[in-house]
file work-v5.cif (mmCIF, C-alpha atoms)
data_upload
#
loop_
_atom_site.group_PDB
_atom_site.id
_atom_site.type_symbol
_atom_site.label_atom_id
_atom_site.label_comp_id
_atom_site.auth_asym_id
_atom_site.auth_seq_id
_atom_site.Cartn_x
_atom_site.Cartn_y
_atom_site.Cartn_z
ATOM 1 C CA MET A 1072 57.385 40.119 -90.006
ATOM 2 C CA ASN A 1073 61.172 39.977 -90.166
ATOM 3 C CA PRO A 1074 62.487 43.108 -88.382
ATOM 4 C CA ALA A 1075 64.837 43.713 -91.317
ATOM 5 C CA ALA A 1076 61.796 44.335 -93.514
ATOM 6 C CA LEU A 1077 60.862 47.300 -91.302
ATOM 7 C CA GLU A 1078 64.275 48.961 -91.615
ATOM 8 C CA PRO A 1079 63.541 51.083 -94.743
ATOM 9 C CA LEU A 1080 60.391 52.454 -93.109
ATOM 10 C CA ARG A 1081 62.217 53.117 -89.831
ATOM 11 C CA ARG A 1082 65.029 54.981 -91.617
ATOM 12 C CA ILE A 1083 62.609 57.171 -93.558
ATOM 13 C CA LEU A 1084 60.452 58.005 -90.573
ATOM 14 C CA THR A 1085 63.372 58.739 -88.243
ATOM 15 C CA SER A 1086 65.639 60.639 -90.648
ATOM 16 C CA PRO A 1087 65.951 64.417 -90.101
ATOM 17 C CA ALA A 1088 64.772 64.982 -93.685
ATOM 18 C CA ALA A 1089 61.545 63.162 -92.988
ATOM 19 C CA ASP A 1090 60.302 65.919 -90.687
ATOM 20 C CA VAL A 1091 58.215 63.352 -88.841
ATOM 21 C CA GLY A 1092 59.075 63.369 -85.135
ATOM 22 C CA ALA A 1093 57.481 61.499 -82.270
ATOM 23 C CA ALA A 1094 54.766 64.133 -81.964
ATOM 24 C CA GLY A 1095 53.951 63.787 -85.670
ATOM 25 C CA LEU A 1096 53.673 60.032 -85.381
ATOM 26 C CA ARG A 1097 51.403 60.359 -82.351
ATOM 27 C CA GLN A 1098 49.181 62.722 -84.328
ATOM 28 C CA ARG A 1099 49.068 60.251 -87.225
ATOM 29 C CA SER A 1100 48.167 57.473 -84.773
ATOM 30 C CA VAL A 1101 45.265 59.508 -83.425
ATOM 31 C CA ALA A 1102 44.049 60.372 -86.925
ATOM 32 C CA ALA A 1103 44.431 56.910 -88.447
ATOM 33 C CA GLY A 1104 44.202 54.596 -85.476
ATOM 34 C CA ASP A 1105 47.032 52.308 -84.442
ATOM 35 C CA LEU A 1106 48.695 51.404 -87.708
ATOM 36 C CA PRO A 1107 50.950 48.347 -87.969
ATOM 37 C CA PRO A 1108 54.641 49.260 -87.686
ATOM 38 C CA ASP A 1109 55.303 48.052 -91.245
ATOM 39 C CA SER A 1110 52.499 50.127 -92.801
ATOM 40 C CA ILE A 1111 53.603 52.721 -95.344
ATOM 41 C CA TYR A 1112 50.685 54.758 -94.030
ATOM 42 C CA GLN A 1113 52.942 55.658 -91.101
ATOM 43 C CA LEU A 1114 54.420 58.272 -93.443
ATOM 44 C CA ASP A 1115 52.707 61.597 -92.810
ATOM 45 C CA ALA A 1116 52.877 62.914 -96.381
ATOM 46 C CA PRO A 1117 50.390 65.541 -97.625
ATOM 47 C CA LEU A 1118 49.003 64.747 -101.078
ATOM 48 C CA SER A 1119 46.325 66.096 -103.380
ATOM 49 C CA ASP A 1120 44.352 64.265 -106.039
ATOM 50 C CA GLN A 1121 43.124 64.924 -109.575
ATOM 51 C CA GLU A 1122 40.216 66.931 -108.198
ATOM 52 C CA GLY A 1123 42.474 69.076 -106.000
ATOM 53 C CA HIS A 1124 41.322 67.370 -102.802
ATOM 54 C CA ALA A 1125 43.942 67.077 -100.060
ATOM 55 C CA PHE A 1126 44.510 63.729 -98.383
ATOM 56 C CA GLN A 1127 47.047 61.647 -96.482
ATOM 57 C CA LEU A 1128 48.252 58.159 -97.301
ATOM 58 C CA ALA A 1129 46.510 56.893 -94.184
ATOM 59 C CA ASP A 1130 43.183 58.061 -95.633
ATOM 60 C CA LYS A 1131 43.463 55.025 -97.933
ATOM 61 C CA ARG A 1132 43.298 52.724 -94.923
ATOM 62 C CA GLY A 1133 40.513 50.166 -95.014
ATOM 63 C CA ARG A 1134 40.727 49.312 -98.711
ATOM 64 C CA VAL A 1135 43.204 47.121 -100.568
ATOM 65 C CA GLN A 1136 45.300 49.323 -102.868
ATOM 66 C CA LEU A 1137 47.325 48.926 -106.027
ATOM 67 C CA VAL A 1138 49.980 51.643 -105.952
ATOM 68 C CA ALA A 1139 52.423 52.809 -108.628
ATOM 69 C CA MET A 1140 54.517 55.857 -109.419
ATOM 70 C CA PHE A 1141 54.304 57.616 -112.780
ATOM 71 C CA TYR A 1142 54.351 61.051 -114.402
ATOM 72 C CA THR A 1143 51.819 62.461 -116.811
ATOM 73 C CA SER A 1144 54.173 63.570 -119.615
ATOM 74 C CA CYS A 1145 55.694 60.088 -119.914
ATOM 75 C CA ALA A 1146 54.910 58.737 -123.379
ATOM 76 C CA TYR A 1147 56.140 55.167 -123.068
ATOM 77 C CA VAL A 1148 56.333 53.286 -119.777
ATOM 78 C CA CYS A 1149 53.774 55.181 -117.683
ATOM 79 C CA PRO A 1150 50.843 54.530 -120.039
ATOM 80 C CA LEU A 1151 51.772 50.850 -119.742
ATOM 81 C CA ILE A 1152 51.711 51.133 -115.951
ATOM 82 C CA ILE A 1153 48.132 52.381 -116.221
ATOM 83 C CA ASP A 1154 47.339 49.576 -118.680
ATOM 84 C CA SER A 1155 48.740 47.074 -116.191
ATOM 85 C CA ALA A 1156 46.596 48.386 -113.358
ATOM 86 C CA LYS A 1157 43.529 48.435 -115.610
ATOM 87 C CA GLY A 1158 44.298 44.858 -116.651
ATOM 88 C CA ILE A 1159 44.184 43.747 -113.020
ATOM 89 C CA GLU A 1160 41.007 45.756 -112.454
ATOM 90 C CA HIS A 1161 39.271 44.252 -115.499
ATOM 91 C CA ALA A 1162 40.257 40.709 -114.511
ATOM 92 C CA LEU A 1163 38.364 41.036 -111.238
ATOM 93 C CA GLY A 1164 34.701 40.431 -110.669
ATOM 94 C CA ASP A 1165 32.355 43.315 -109.843
ATOM 95 C CA ALA A 1166 32.373 42.582 -106.103
ATOM 96 C CA GLU A 1167 36.172 42.370 -106.074
ATOM 97 C CA ARG A 1168 36.574 45.641 -107.952
ATOM 98 C CA GLU A 1169 34.447 47.439 -105.392
ATOM 99 C CA LYS A 1170 36.991 46.534 -102.698
ATOM 100 C CA LEU A 1171 40.030 47.765 -104.646
ATOM 101 C CA GLY A 1172 41.588 51.211 -104.807
ATOM 102 C CA LEU A 1173 44.228 52.281 -107.343
ATOM 103 C CA LEU A 1174 46.694 55.006 -106.411
ATOM 104 C CA LEU A 1175 49.177 56.584 -108.832
ATOM 105 C CA VAL A 1176 51.663 59.035 -107.305
ATOM 106 C CA SER A 1177 53.490 61.462 -109.587
ATOM 107 C CA LEU A 1178 57.280 61.525 -109.750
ATOM 108 C CA ASP A 1179 57.106 65.020 -111.277
ATOM 109 C CA PRO A 1180 55.360 67.440 -108.893
ATOM 110 C CA ALA A 1181 56.862 70.465 -110.676
ATOM 111 C CA ARG A 1182 54.793 69.768 -113.791
ATOM 112 C CA ASP A 1183 52.057 67.438 -112.599
ATOM 113 C CA ASP A 1184 49.606 69.915 -111.159
ATOM 114 C CA THR A 1185 45.944 69.145 -110.546
ATOM 115 C CA ALA A 1186 45.008 69.938 -114.155
ATOM 116 C CA ALA A 1187 47.634 67.535 -115.538
ATOM 117 C CA LEU A 1188 46.446 64.735 -113.279
ATOM 118 C CA LYS A 1189 42.813 65.433 -114.160
ATOM 119 C CA TYR A 1190 43.638 65.397 -117.880
ATOM 120 C CA ILE A 1191 45.146 61.902 -117.673
ATOM 121 C CA ALA A 1192 42.338 60.613 -115.461
ATOM 122 C CA ASP A 1193 39.764 61.823 -117.970
ATOM 123 C CA LYS A 1194 41.729 60.754 -121.042
ATOM 124 C CA ARG A 1195 42.217 57.225 -119.718
ATOM 125 C CA LYS A 1196 38.633 57.071 -118.342
ATOM 126 C CA LEU A 1197 39.788 56.288 -114.808
ATOM 127 C CA ASP A 1198 36.827 56.042 -112.449
ATOM 128 C CA PRO A 1199 37.448 58.513 -109.576
ATOM 129 C CA GLN A 1200 35.562 56.196 -107.226
ATOM 130 C CA HIS A 1201 38.464 53.764 -107.568
ATOM 131 C CA TRP A 1202 41.399 55.676 -109.080
ATOM 132 C CA THR A 1203 43.388 58.397 -107.328
ATOM 133 C CA LEU A 1204 46.080 60.281 -109.242
ATOM 134 C CA ALA A 1205 48.133 62.165 -106.702
ATOM 135 C CA ARG A 1206 50.900 64.685 -106.292
ATOM 136 C CA THR A 1207 53.046 65.705 -103.332
ATOM 137 C CA ASP A 1208 56.281 67.657 -102.848
ATOM 138 C CA GLU A 1209 59.663 66.406 -104.005
ATOM 139 C CA ALA A 1210 60.802 65.364 -100.532
ATOM 140 C CA ASN A 1211 57.763 63.149 -100.047
ATOM 141 C CA VAL A 1212 58.078 61.754 -103.574
ATOM 142 C CA ARG A 1213 61.488 60.445 -102.499
ATOM 143 C CA LYS A 1214 60.095 58.952 -99.288
ATOM 144 C CA ILE A 1215 57.143 57.258 -100.990
ATOM 145 C CA ALA A 1216 59.391 55.890 -103.731
ATOM 146 C CA ALA A 1217 61.749 54.459 -101.118
ATOM 147 C CA LEU A 1218 58.898 52.783 -99.261
ATOM 148 C CA LEU A 1219 57.556 51.255 -102.464
ATOM 149 C CA GLY A 1220 60.989 50.197 -103.709
ATOM 150 C CA VAL A 1221 60.796 52.462 -106.767
ATOM 151 C CA ARG A 1222 64.106 53.852 -108.036
ATOM 152 C CA TYR A 1223 64.040 56.956 -110.216
ATOM 153 C CA ARG A 1224 66.294 59.665 -111.607
ATOM 154 C CA ALA A 1225 65.448 62.973 -113.261
ATOM 155 C CA LEU A 1226 67.071 63.497 -116.659
ATOM 156 C CA VAL A 1227 68.276 66.776 -118.152
ATOM 157 C CA ASP A 1228 65.474 66.740 -120.731
ATOM 158 C CA GLY A 1229 62.796 66.687 -118.032
ATOM 159 C CA GLU A 1230 62.052 62.983 -118.362
ATOM 160 C CA PHE A 1231 62.634 60.365 -115.671
ATOM 161 C CA ASN A 1232 64.289 56.998 -115.583
ATOM 162 C CA HIS A 1233 62.347 54.889 -113.117
ATOM 163 C CA THR A 1234 61.534 51.358 -112.195
ATOM 164 C CA SER A 1235 58.016 50.311 -113.067
ATOM 165 C CA ALA A 1236 56.022 48.256 -110.641
ATOM 166 C CA LEU A 1237 52.554 47.775 -109.280
ATOM 167 C CA VAL A 1238 52.670 47.367 -105.522
ATOM 168 C CA LEU A 1239 49.871 45.616 -103.644
ATOM 169 C CA LEU A 1240 49.036 46.977 -100.202
ATOM 170 C CA ASP A 1241 46.635 45.387 -97.766
ATOM 171 C CA ALA A 1242 43.939 47.436 -96.055
ATOM 172 C CA GLU A 1243 46.453 48.483 -93.393
ATOM 173 C CA GLY A 1244 49.019 49.747 -95.891
ATOM 174 C CA ARG A 1245 51.403 46.794 -95.677
ATOM 175 C CA LYS A 1246 53.199 45.622 -98.812
ATOM 176 C CA LEU A 1247 52.024 42.175 -99.890
ATOM 177 C CA ALA A 1248 53.384 41.752 -103.416
ATOM 178 C CA SER A 1249 54.610 43.620 -106.474
ATOM 179 C CA SER A 1250 54.769 43.063 -110.204
ATOM 180 C CA ALA A 1251 56.988 44.608 -112.875
ATOM 181 C CA ARG A 1252 55.018 43.048 -115.718
ATOM 182 C CA LEU A 1253 53.633 45.747 -117.998
ATOM 183 C CA GLY A 1254 50.652 45.657 -120.321
ATOM 184 C CA PRO A 1255 46.957 44.840 -120.229
ATOM 185 C CA GLU A 1256 47.443 41.110 -119.614
ATOM 186 C CA PRO A 1257 47.762 40.659 -115.835
ATOM 187 C CA ASP A 1258 50.684 38.935 -114.183
ATOM 188 C CA PRO A 1259 48.966 35.672 -113.101
ATOM 189 C CA GLU A 1260 50.818 35.344 -109.793
ATOM 190 C CA PHE A 1261 50.195 38.973 -108.930
ATOM 191 C CA LEU A 1262 46.506 38.630 -109.787
ATOM 192 C CA VAL A 1263 46.298 35.669 -107.394
ATOM 193 C CA ALA A 1264 47.855 37.840 -104.669
ATOM 194 C CA VAL A 1265 45.385 40.662 -105.371
ATOM 195 C CA ARG A 1266 42.417 38.307 -105.142
ATOM 196 C CA ALA A 1267 43.731 36.779 -101.918
ATOM 197 C CA ALA A 1268 44.093 40.237 -100.382
ATOM 198 C CA LEU A 1269 40.568 41.185 -101.415
ATOM 199 C CA GLN A 1270 39.158 37.974 -99.979
ATOM 200 C CA ALA A 1271 41.050 38.515 -96.733
ATOM 201 C CA ARG A 1272 39.587 41.998 -96.562
#
call {"tool": "encode", "arguments": {"input": "work-v5.cif", "output": "structure tokens"}}
result
Amino acid sequence: MNPAALEPLRRILTSPAADVGAAGLRQRSVAAGDLPPDSIYQLDAPLSDQEGHAFQLADKRGRVQLVAMFYTSCAYVCPLIIDSAKGIEHALGDAEREKLGLLLVSLDPARDDTAALKYIADKRKLDPQHWTLARTDEANVRKIAALLGVRYRALVDGEFNHTSALVLLDAEGRKLASSARLGPEPDPEFLVAVRAALQAR
């Protein structure tokens, strides 16, 4: 990979705000094996899911992932992000779906507690065997957003302006493709990339 593509990850992992020193990276390497240098799973960010279970990004290693950022009180764009991910999921065959994970990380940890995440997961009938709705602290929200290329800004009314994208990660946590197309009809080129990643896996 072009070394320039690794620069955002290097800056996040080596910044003082990241709180991830050499010892932390060595610990992550022991826990997750030797991750590729361009894997977003290098980020040692504590998360919890819609069931209240704690996990790390690197725990998603081994399965192709669709990742997006959202917040549960969003009434417009975020439901479409979920529709977009479901559209990809429904376009796949049964065997393909079994190889795919879907991870939604909240932009709003102050309000998106476990109950809020669980409510959306249940309301949208998101299978917990495949879908993870997650929260982390504000500092790690910023780091994850930067790694995914998601820009966001909190507004005075409690809402967020944010870019909307599905990001495809391979089984090692490397970015393969992204799509900003929203709605239940999948982006054809992105769907091709998802299928290729699943076949490679």
call {"tool": "residues_around", "arguments": {"input": "work-v5.cif", "residues": "region 1220-1234 of chain A", "least_positions_apart": "2", "cutoff": "10 Å", "atoms": "all atoms listed in the file", "output": "count of residues only"}}
result
24
call {"tool": "closest_residue", "arguments": {"input": "work-v5.cif", "among": "A:Asp1165, A:Ile1159, A:Trp1202, A:Ser1235", "to": "Glu1260 (chain A)", "atoms": "only C-alpha atoms"}}
result
A:Ile1159
call {"tool": "residues_around", "arguments": {"input": "work-v5.cif", "residues": "Tyr1112 (chain A)", "least_positions_apart": "6", "cutoff": "8 Å", "atoms": "all atoms listed in the file", "output": "NGL selection string"}}
result
:A and (1106 or 1128-1129 or 1132 or 1243-1244)
call {"tool": "resolve_selection", "arguments": {"input": "work-v5.cif", "expression": "the PyMOL selection byres ((chain A and resi 1252) around 10)", "output": "NGL selection string"}}
result
:A and (1151-1152 or 1155 or 1235-1237 or 1249-1251 or 1253-1259 or 1261)
call {"tool": "atom_distance", "arguments": {"input": "work-v5.cif", "atom1": "CA of Arg1245 (chain A)", "atom2": "CA of Ile1111 (chain A)"}}
result
6.3 Å
